[in-house]
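A.B. asks: I am sharing protein-v9.cif, which consists of mmCIF, C-alpha atoms:
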```cif
data_protein
#
loop_
_atom_site.group_PDB
_atom_site.id
_atom_site.type_symbol
_atom_site.label_atom_id
_atom_site.label_comp_id
_atom_site.auth_asym_id
_atom_site.auth_seq_id
_atom_site.Cartn_x
_atom_site.Cartn_y
_atom_site.Cartn_z
ATOM 1 C CA MET K 1 7.163 -8.243 -4.313
ATOM 2 C CA ARG K 2 7.733 -8.705 -0.569
ATOM 3 C CA LYS K 3 11.025 -10.506 -1.207
ATOM 4 C CA LYS K 4 12.043 -8.254 -4.101
ATOM 5 C CA ALA K 5 11.463 -5.145 -1.982
ATOM 6 C CA ALA K 6 13.505 -6.631 0.872
ATOM 7 C CA GLU K 7 16.371 -7.342 -1.534
ATOM 8 C CA CYS K 8 16.255 -3.731 -2.740
ATOM 9 C CA LEU K 9 16.454 -2.428 0.826
ATOM 10 C CA LEU K 10 19.452 -4.661 1.518
ATOM 11 C CA LYS K 11 21.151 -3.689 -1.755
ATOM 12 C CA THR K 12 20.910 0.018 -0.979
ATOM 13 C CA GLU K 13 21.801 -0.608 2.691
ATOM 14 C CA ALA K 14 18.494 0.965 3.674
ATOM 15 C CA VAL K 15 18.195 -2.070 5.934
ATOM 16 C CA PHE K 16 21.370 -2.717 7.881
ATOM 17 C CA PHE K 17 22.074 -5.602 10.284
ATOM 18 C CA ARG K 18 24.493 -5.307 13.189
ATOM 19 C CA PRO K 19 23.670 -8.045 15.735
ATOM 20 C CA GLU K 20 27.041 -7.739 17.481
ATOM 21 C CA GLU K 21 26.713 -3.969 18.045
ATOM 22 C CA PRO K 22 23.029 -2.942 18.314
ATOM 23 C CA PHE K 23 21.786 0.438 17.132
ATOM 24 C CA THR K 24 19.924 2.764 19.473
ATOM 25 C CA TRP K 25 16.561 3.923 18.165
ATOM 26 C CA ALA K 26 15.129 7.352 19.009
ATOM 27 C CA SER K 27 12.902 5.561 21.531
ATOM 28 C CA GLY K 28 16.000 4.211 23.309
ATOM 29 C CA ILE K 29 15.409 0.624 22.155
ATOM 30 C CA LYS K 30 18.620 -1.295 21.365
ATOM 31 C CA SER K 31 18.135 -2.950 18.001
ATOM 32 C CA PRO K 32 20.303 -5.333 15.932
ATOM 33 C CA ILE K 33 18.667 -3.965 12.768
ATOM 34 C CA TYR K 34 18.317 -0.434 11.468
ATOM 35 C CA CYS K 35 16.214 0.821 8.575
ATOM 36 C CA ASP K 36 16.666 4.117 6.717
ATOM 37 C CA ASN K 37 14.463 4.086 3.640
ATOM 38 C CA ARG K 38 15.660 7.546 2.590
ATOM 39 C CA LEU K 39 18.590 5.734 0.976
ATOM 40 C CA VAL K 40 16.186 4.159 -1.532
ATOM 41 C CA LEU K 41 15.577 7.613 -3.014
ATOM 42 C CA SER K 42 19.255 7.810 -4.020
ATOM 43 C CA ASP K 43 19.106 4.626 -6.124
ATOM 44 C CA PRO K 44 16.858 5.063 -9.206
ATOM 45 C CA GLU K 45 16.536 1.315 -9.848
ATOM 46 C CA ALA K 46 15.625 0.457 -6.264
ATOM 47 C CA ARG K 47 13.394 3.523 -6.032
ATOM 48 C CA GLN K 48 11.393 2.382 -9.038
ATOM 49 C CA VAL K 49 10.880 -1.087 -7.569
ATOM 50 C CA ILE K 50 9.772 0.325 -4.220
ATOM 51 C CA GLU K 51 7.442 2.982 -5.644
ATOM 52 C CA GLU K 52 5.818 0.555 -8.082
ATOM 53 C CA GLY K 53 5.335 -1.838 -5.198
ATOM 54 C CA MET K 54 3.783 0.862 -3.023
ATOM 55 C CA ILE K 55 1.371 1.858 -5.794
ATOM 56 C CA GLU K 56 0.403 -1.775 -6.346
ATOM 57 C CA LEU K 57 -0.151 -2.196 -2.596
ATOM 58 C CA ILE K 58 -2.347 0.904 -2.354
ATOM 59 C CA LYS K 59 -4.455 -0.120 -5.348
ATOM 60 C CA LYS K 60 -4.900 -3.634 -3.967
ATOM 61 C CA GLU K 61 -5.596 -2.830 -0.320
ATOM 62 C CA PHE K 62 -7.237 0.602 -0.568
ATOM 63 C CA PRO K 63 -8.794 0.926 -4.049
ATOM 64 C CA GLN K 64 -11.143 3.678 -2.833
ATOM 65 C CA ALA K 65 -8.260 6.028 -1.999
ATOM 66 C CA GLU K 66 -8.910 9.601 -3.089
ATOM 67 C CA ALA K 67 -5.719 11.188 -1.730
ATOM 68 C CA LEU K 68 -2.375 10.222 -0.215
ATOM 69 C CA PHE K 69 -0.792 11.916 2.785
ATOM 70 C CA GLY K 70 2.810 11.281 3.733
ATOM 71 C CA THR K 71 4.267 11.504 7.207
ATOM 72 C CA ALA K 72 6.937 14.120 7.801
ATOM 73 C CA THR K 73 9.563 13.800 6.800
ATOM 74 C CA ALA K 74 10.445 10.358 5.468
ATOM 75 C CA GLY K 75 7.016 9.529 4.063
ATOM 76 C CA ILE K 76 6.649 12.721 2.032
ATOM 77 C CA ALA K 77 8.716 11.742 -1.012
ATOM 78 C CA HIS K 78 7.086 8.323 -1.310
ATOM 79 C CA ALA K 79 3.596 9.791 -1.002
ATOM 80 C CA ALA K 80 4.436 12.409 -3.630
ATOM 81 C CA ILE K 81 5.786 9.903 -6.143
ATOM 82 C CA ALA K 82 2.910 7.463 -5.662
ATOM 83 C CA ALA K 83 0.263 10.213 -5.794
ATOM 84 C CA HIS K 84 1.788 11.625 -8.977
ATOM 85 C CA GLU K 85 1.797 8.246 -10.702
ATOM 86 C CA MET K 86 -1.766 7.500 -9.538
ATOM 87 C CA GLY K 87 -3.107 10.943 -10.429
ATOM 88 C CA LEU K 88 -4.223 11.609 -6.849
ATOM 89 C CA PRO K 89 -4.018 14.673 -4.602
ATOM 90 C CA MET K 90 -1.195 14.603 -2.080
ATOM 91 C CA GLY K 91 -0.283 16.287 1.174
ATOM 92 C CA TYR K 92 1.641 15.555 4.314
ATOM 93 C CA VAL K 93 1.257 15.612 8.071
ATOM 94 C CA ARG K 94 3.781 17.314 10.325
ATOM 95 C CA SER K 95 4.847 15.715 13.599
ATOM 96 C CA SER K 96 3.464 18.833 15.316
ATOM 97 C CA ALA K 97 1.671 22.022 14.293
ATOM 98 C CA LYS K 98 3.721 24.912 12.923
ATOM 99 C CA ASP K 99 4.498 27.700 15.351
ATOM 100 C CA HIS K 100 3.973 30.341 12.645
ATOM 101 C CA GLY K 101 1.561 31.217 9.861
ATOM 102 C CA ARG K 102 -1.736 29.373 10.218
ATOM 103 C CA GLY K 103 -0.269 26.927 12.711
ATOM 104 C CA SER K 104 -1.181 23.985 10.489
ATOM 105 C CA ARG K 105 -0.120 20.433 11.140
ATOM 106 C CA ILE K 106 -1.492 19.197 7.815
ATOM 107 C CA GLU K 107 -0.040 20.561 4.582
ATOM 108 C CA GLY K 108 -2.321 20.153 1.597
ATOM 109 C CA ARG K 109 -6.065 20.338 1.177
ATOM 110 C CA VAL K 110 -8.279 17.901 3.101
ATOM 111 C CA ALA K 111 -11.895 17.678 1.954
ATOM 112 C CA GLU K 112 -14.612 16.636 4.388
ATOM 113 C CA GLY K 113 -15.160 12.899 4.076
ATOM 114 C CA GLN K 114 -12.229 12.472 1.683
ATOM 115 C CA LYS K 115 -10.928 8.900 1.665
ATOM 116 C CA VAL K 116 -7.216 9.050 2.335
ATOM 117 C CA VAL K 117 -4.302 6.665 2.815
ATOM 118 C CA VAL K 118 -1.354 7.595 4.999
ATOM 119 C CA VAL K 119 2.062 6.785 3.507
ATOM 120 C CA GLU K 120 4.894 6.018 5.933
ATOM 121 C CA ASP K 121 8.416 4.842 5.202
ATOM 122 C CA LEU K 122 8.680 2.416 8.117
ATOM 123 C CA ILE K 123 6.722 1.289 11.154
ATOM 124 C CA SER K 124 8.375 0.361 14.425
ATOM 125 C CA THR K 125 5.990 0.973 17.329
ATOM 126 C CA GLY K 126 3.459 2.820 15.138
ATOM 127 C CA GLY K 127 3.001 5.834 17.392
ATOM 128 C CA SER K 128 3.909 8.613 14.960
ATOM 129 C CA VAL K 129 1.856 7.384 12.009
ATOM 130 C CA ILE K 130 -1.173 6.687 14.210
ATOM 131 C CA SER K 131 -0.903 10.264 15.457
ATOM 132 C CA ALA K 132 -0.802 11.498 11.846
ATOM 133 C CA ALA K 133 -3.873 9.452 10.982
ATOM 134 C CA LYS K 134 -5.761 10.918 13.943
ATOM 135 C CA ALA K 135 -4.848 14.439 12.816
ATOM 136 C CA LEU K 136 -6.317 13.716 9.388
ATOM 137 C CA GLU K 137 -9.499 12.316 10.930
ATOM 138 C CA GLU K 138 -9.841 15.403 13.093
ATOM 139 C CA ALA K 139 -9.537 17.484 9.918
ATOM 140 C CA GLY K 140 -12.504 15.626 8.440
ATOM 141 C CA ALA K 141 -10.837 12.928 6.363
ATOM 142 C CA GLU K 142 -11.817 9.268 6.329
ATOM 143 C CA VAL K 143 -8.561 7.393 6.847
ATOM 144 C CA LEU K 144 -8.756 4.073 5.028
ATOM 145 C CA GLY K 145 -5.460 2.865 6.424
ATOM 146 C CA VAL K 146 -1.683 3.123 6.349
ATOM 147 C CA VAL K 147 0.864 1.759 3.906
ATOM 148 C CA CYS K 148 4.577 1.607 4.600
ATOM 149 C CA ILE K 149 7.700 0.334 2.900
ATOM 150 C CA PHE K 150 9.010 -1.640 5.858
ATOM 151 C CA SER K 151 7.544 -2.904 9.126
ATOM 152 C CA TYR K 152 9.454 -4.405 12.030
ATOM 153 C CA ASN K 153 6.326 -6.486 12.827
ATOM 154 C CA LEU K 154 6.587 -5.722 16.527
ATOM 155 C CA ASN K 155 3.858 -6.820 18.917
ATOM 156 C CA LYS K 156 3.746 -3.218 20.141
ATOM 157 C CA SER K 157 2.810 -1.919 16.725
ATOM 158 C CA ARG K 158 0.130 -4.550 16.124
ATOM 159 C CA ASP K 159 -1.407 -3.766 19.519
ATOM 160 C CA ALA K 160 -1.245 -0.007 18.884
ATOM 161 C CA PHE K 161 -2.933 -0.267 15.487
ATOM 162 C CA ALA K 162 -5.613 -2.590 16.854
ATOM 163 C CA LYS K 163 -6.316 -0.172 19.703
ATOM 164 C CA ALA K 164 -6.551 2.723 17.233
ATOM 165 C CA GLY K 165 -8.862 0.732 14.958
ATOM 166 C CA LEU K 166 -6.477 1.356 12.081
ATOM 167 C CA THR K 167 -5.303 -0.994 9.334
ATOM 168 C CA TYR K 168 -1.737 -1.007 8.060
ATOM 169 C CA LYS K 169 -0.062 -2.858 5.220
ATOM 170 C CA SER K 170 3.671 -3.075 4.560
ATOM 171 C CA LEU K 171 5.451 -3.647 1.266
ATOM 172 C CA THR K 172 8.065 -5.752 3.028
ATOM 173 C CA ASP K 173 9.059 -6.487 6.592
ATOM 174 C CA PHE K 174 11.507 -7.720 9.209
ATOM 175 C CA ASP K 175 10.990 -11.394 8.387
ATOM 176 C CA ALA K 176 11.482 -10.929 4.647
ATOM 177 C CA ALA K 177 14.649 -8.905 5.228
ATOM 178 C CA CYS K 178 16.065 -11.626 7.486
ATOM 179 C CA GLU K 179 15.276 -14.306 4.907
ATOM 180 C CA ALA K 180 16.853 -12.314 2.063
ATOM 181 C CA ALA K 181 19.942 -11.489 4.163
ATOM 182 C CA ALA K 182 20.421 -15.137 5.135
ATOM 183 C CA GLU K 183 20.202 -16.270 1.500
ATOM 184 C CA THR K 184 23.128 -14.028 0.567
ATOM 185 C CA GLY K 185 25.203 -14.983 3.603
ATOM 186 C CA TYR K 186 24.962 -11.455 4.996
ATOM 187 C CA ILE K 187 23.771 -12.941 8.293
ATOM 188 C CA SER K 188 24.005 -16.441 9.753
ATOM 189 C CA LYS K 189 21.424 -18.824 11.196
ATOM 190 C CA SER K 190 22.530 -17.877 14.715
ATOM 191 C CA ASP K 191 22.036 -14.211 13.800
ATOM 192 C CA ILE K 192 18.473 -14.950 12.683
ATOM 193 C CA ASP K 193 17.697 -16.609 16.012
ATOM 194 C CA GLN K 194 18.990 -13.519 17.810
ATOM 195 C CA LEU K 195 17.041 -11.201 15.501
ATOM 196 C CA MET K 196 13.808 -13.109 15.992
ATOM 197 C CA GLU K 197 14.325 -13.087 19.742
ATOM 198 C CA PHE K 198 14.665 -9.305 19.589
ATOM 199 C CA ARG K 199 11.565 -8.907 17.401
ATOM 200 C CA ASN K 200 9.421 -11.165 19.584
ATOM 201 C CA SER K 201 10.470 -9.372 22.774
ATOM 202 C CA LEU K 202 8.821 -6.101 21.745
#
```
Let me see whether you can do it: turn the structure in this file into structure tokens.
C.D. replies:
Amino acid sequence: MRKKAAECLLKTEAVFFRPEEPFTWASGIKSPIYCDNRLVLSDPEARQVIEEGMIELIKKEFPQAEALFGTATAGIAHAAIAAHEMGLPMGYVRSSAKDHGRGSRIEGRVAEGQKVVVVEDLISTGGSVISAAKALEEAGAEVLGVVCIFSYNLNKSRDAFAKAGLTYKSLTDFDAACEAAAETGYISKSDIDQLMEFRNSL
């Protein structure tokens, strides 16, 4: 599934390589790879592969899950689809509390002690999804862990999750995408060396 998911992301151009002209992430990091998993939603065939993989991952890694909460905004659709197929409650966590109404950051009902899994589309440094998990814990939930479609496998993210005492599992990742891209000739061996150097530097 790890390889199949990576191939789907490449097919839909959700994962895009540009070693010669790096992208700039919101954090300011210059990256030779960019991931936009929203594009998966536009391709029914790829979407089915990814959602089935996410459901399989949740059932395997967090079988006690009682509810799924997506991260706003990219994780919402994936949490909704997976929760629907699994017959579980679903909600989502805003990046910040609303400035109107009840001022909620969490949309959806959270029961005290409810075992929840946070659904994210991708993990780079991990900061936003860890913040979402903390918000759920403060609301009384027991966060079992995080699942995502794609992880860059950065040292920063592993350190951040370890410090937060939080487990995360990804359907596919940076390494699998590089391997799949190299097999099709999309990138070269020299590109892979450059990509790995980038990944290992963060």
A.B. asks: What's the separation between atom CA of K:Val147 and atom CA of K:Tyr168, in Å to one decimal place?
C.D. replies: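 Separation between atom CA of K:Val147 and atom CA of K:Tyr168: 5.6 Å.
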A.B. asks: Under the PyMOL selection byres ((chain K and resi 121-138) around 9), which residues of this model are included? Write them out as a PyMOL selection string.
C.D. replies: chain K and resi 35-38+69-71+74-76+78+92-95+105-106+110+113+116-120+139-143+145-158+160-161+164+166+170+202
A.B. asks: Those same residues - C-alpha atoms - I'd like them written as a PDB file, in the coordinates of the input.
C.D. replies:
```
ATOM      1  CA  CYS K  35      16.214   0.821   8.575  1.00  0.00           C
ATOM      2  CA  ASP K  36      16.666   4.117   6.717  1.00  0.00           C
ATOM      3  CA  ASN K  37      14.463   4.086   3.640  1.00  0.00           C
ATOM      4  CA  ARG K  38      15.660   7.546   2.590  1.00  0.00           C
ATOM      5  CA  PHE K  69      -0.792  11.916   2.785  1.00  0.00           C
ATOM      6  CA  GLY K  70       2.810  11.281   3.733  1.00  0.00           C
ATOM      7  CA  THR K  71       4.267  11.504   7.207  1.00  0.00           C
ATOM      8  CA  ALA K  74      10.445  10.358   5.468  1.00  0.00           C
ATOM      9  CA  GLY K  75       7.016   9.529   4.063  1.00  0.00           C
ATOM     10  CA  ILE K  76       6.649  12.721   2.032  1.00  0.00           C
ATOM     11  CA  HIS K  78       7.086   8.323  -1.310  1.00  0.00           C
ATOM     12  CA  TYR K  92       1.641  15.555   4.314  1.00  0.00           C
ATOM     13  CA  VAL K  93       1.257  15.612   8.071  1.00  0.00           C
ATOM     14  CA  ARG K  94       3.781  17.314  10.325  1.00  0.00           C
ATOM     15  CA  SER K  95       4.847  15.715  13.599  1.00  0.00           C
ATOM     16  CA  ARG K 105      -0.120  20.433  11.140  1.00  0.00           C
ATOM     17  CA  ILE K 106      -1.492  19.197   7.815  1.00  0.00           C
ATOM     18  CA  VAL K 110      -8.279  17.901   3.101  1.00  0.00           C
ATOM     19  CA  GLY K 113     -15.160  12.899   4.076  1.00  0.00           C
ATOM     20  CA  VAL K 116      -7.216   9.050   2.335  1.00  0.00           C
ATOM     21  CA  VAL K 117      -4.302   6.665   2.815  1.00  0.00           C
ATOM     22  CA  VAL K 118      -1.354   7.595   4.999  1.00  0.00           C
ATOM     23  CA  VAL K 119       2.062   6.785   3.507  1.00  0.00           C
ATOM     24  CA  GLU K 120       4.894   6.018   5.933  1.00  0.00           C
ATOM     25  CA  ALA K 139      -9.537  17.484   9.918  1.00  0.00           C
ATOM     26  CA  GLY K 140     -12.504  15.626   8.440  1.00  0.00           C
ATOM     27  CA  ALA K 141     -10.837  12.928   6.363  1.00  0.00           C
ATOM     28  CA  GLU K 142     -11.817   9.268   6.329  1.00  0.00           C
ATOM     29  CA  VAL K 143      -8.561   7.393   6.847  1.00  0.00           C
ATOM     30  CA  GLY K 145      -5.460   2.865   6.424  1.00  0.00           C
ATOM     31  CA  VAL K 146      -1.683   3.123   6.349  1.00  0.00           C
ATOM     32  CA  VAL K 147       0.864   1.759   3.906  1.00  0.00           C
ATOM     33  CA  CYS K 148       4.577   1.607   4.600  1.00  0.00           C
ATOM     34  CA  ILE K 149       7.700   0.334   2.900  1.00  0.00           C
ATOM     35  CA  PHE K 150       9.010  -1.640   5.858  1.00  0.00           C
ATOM     36  CA  SER K 151       7.544  -2.904   9.126  1.00  0.00           C
ATOM     37  CA  TYR K 152       9.454  -4.405  12.030  1.00  0.00           C
ATOM     38  CA  ASN K 153       6.326  -6.486  12.827  1.00  0.00           C
ATOM     39  CA  LEU K 154       6.587  -5.722  16.527  1.00  0.00           C
ATOM     40  CA  ASN K 155       3.858  -6.820  18.917  1.00  0.00           C
ATOM     41  CA  LYS K 156       3.746  -3.218  20.141  1.00  0.00           C
ATOM     42  CA  SER K 157       2.810  -1.919  16.725  1.00  0.00           C
ATOM     43  CA  ARG K 158       0.130  -4.550  16.124  1.00  0.00           C
ATOM     44  CA  ALA K 160      -1.245  -0.007  18.884  1.00  0.00           C
ATOM     45  CA  PHE K 161      -2.933  -0.267  15.487  1.00  0.00           C
ATOM     46  CA  ALA K 164      -6.551   2.723  17.233  1.00  0.00           C
ATOM     47  CA  LEU K 166      -6.477   1.356  12.081  1.00  0.00           C
ATOM     48  CA  SER K 170       3.671  -3.075   4.560  1.00  0.00           C
ATOM     49  CA  LEU K 202       8.821  -6.101  21.745  1.00  0.00           C
TER      50      LEU K 202
END
```
A.B. asks: Would you please work out which residue, of K:Leu171, K:Leu195, K:Ser188, K:Glu183, is nearest to K:Pro22 when using all atoms listed in the file?
C.D. replies: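 Looking at the shortest contact to K:Pro22, the residue is K:Leu195.
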A.B. asks: Any chance you could resolve the PyMOL selection byres ((chain K and resi 17) around 8) against this file and give the residues as a VMD selection string?
C.D. replies: chain K and resid 15 to 16 18 to 19 32 to 34 187
A.B. asks: Around stretch 128-132 of chain K, with edges along x, y and z and 6 Å added on all six sides, what centre and edge lengths do you get, in Å to one decimal, as lines of an AutoDock Vina configuration file?
C.D. replies:
```
center_x = 1.4
center_y = 9.1
center_z = 13.7
size_x = 17.1
size_y = 16.8
size_z = 15.6
```
A.B. asks: At a cut-off of 12 Å around the point (19.4, 3.8, -6.6) (file coordinates), what residues fall inside when counting all atoms listed in the file? I'd like the answer as a list in words.
C.D. replies: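 Those residues lying close to the given coordinates are Cys8, Leu9, Leu10, Lys11, Thr12, Glu13, Ala14, Asn37, Arg38, Leu39, Val40, Leu41, Ser42, Asp43, Pro44, Glu45, Ala46, Arg47, Gln48, Val49 and Ile50 of chain K.
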A.B. asks: Figure out the distance between atom CA of K:Glu52 and atom CA of K:Tyr186, please, to one decimal in Å.
C.D. replies: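 Distance between the two atoms: 26.1 Å.
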A.B. asks: When you look at K:Asp175 with a cut-off of 9 Å (counting only C-alpha atoms), what residues show up, excluding the ones that are within fewer than 2 positions of it in the same chain? I need them as a list in words.
C.D. replies: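 Contacts, with the query itself left out: Tyr152, Asn153, Thr172, Asp173, Ala177, Cys178, Glu179, Ala180 and Met196 of chain K.
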A.B. asks: How far is it from atom CA of K:Ala82 to atom CA of K:Lys4, in Å with one decimal?
C.D. replies: 18.2 Å
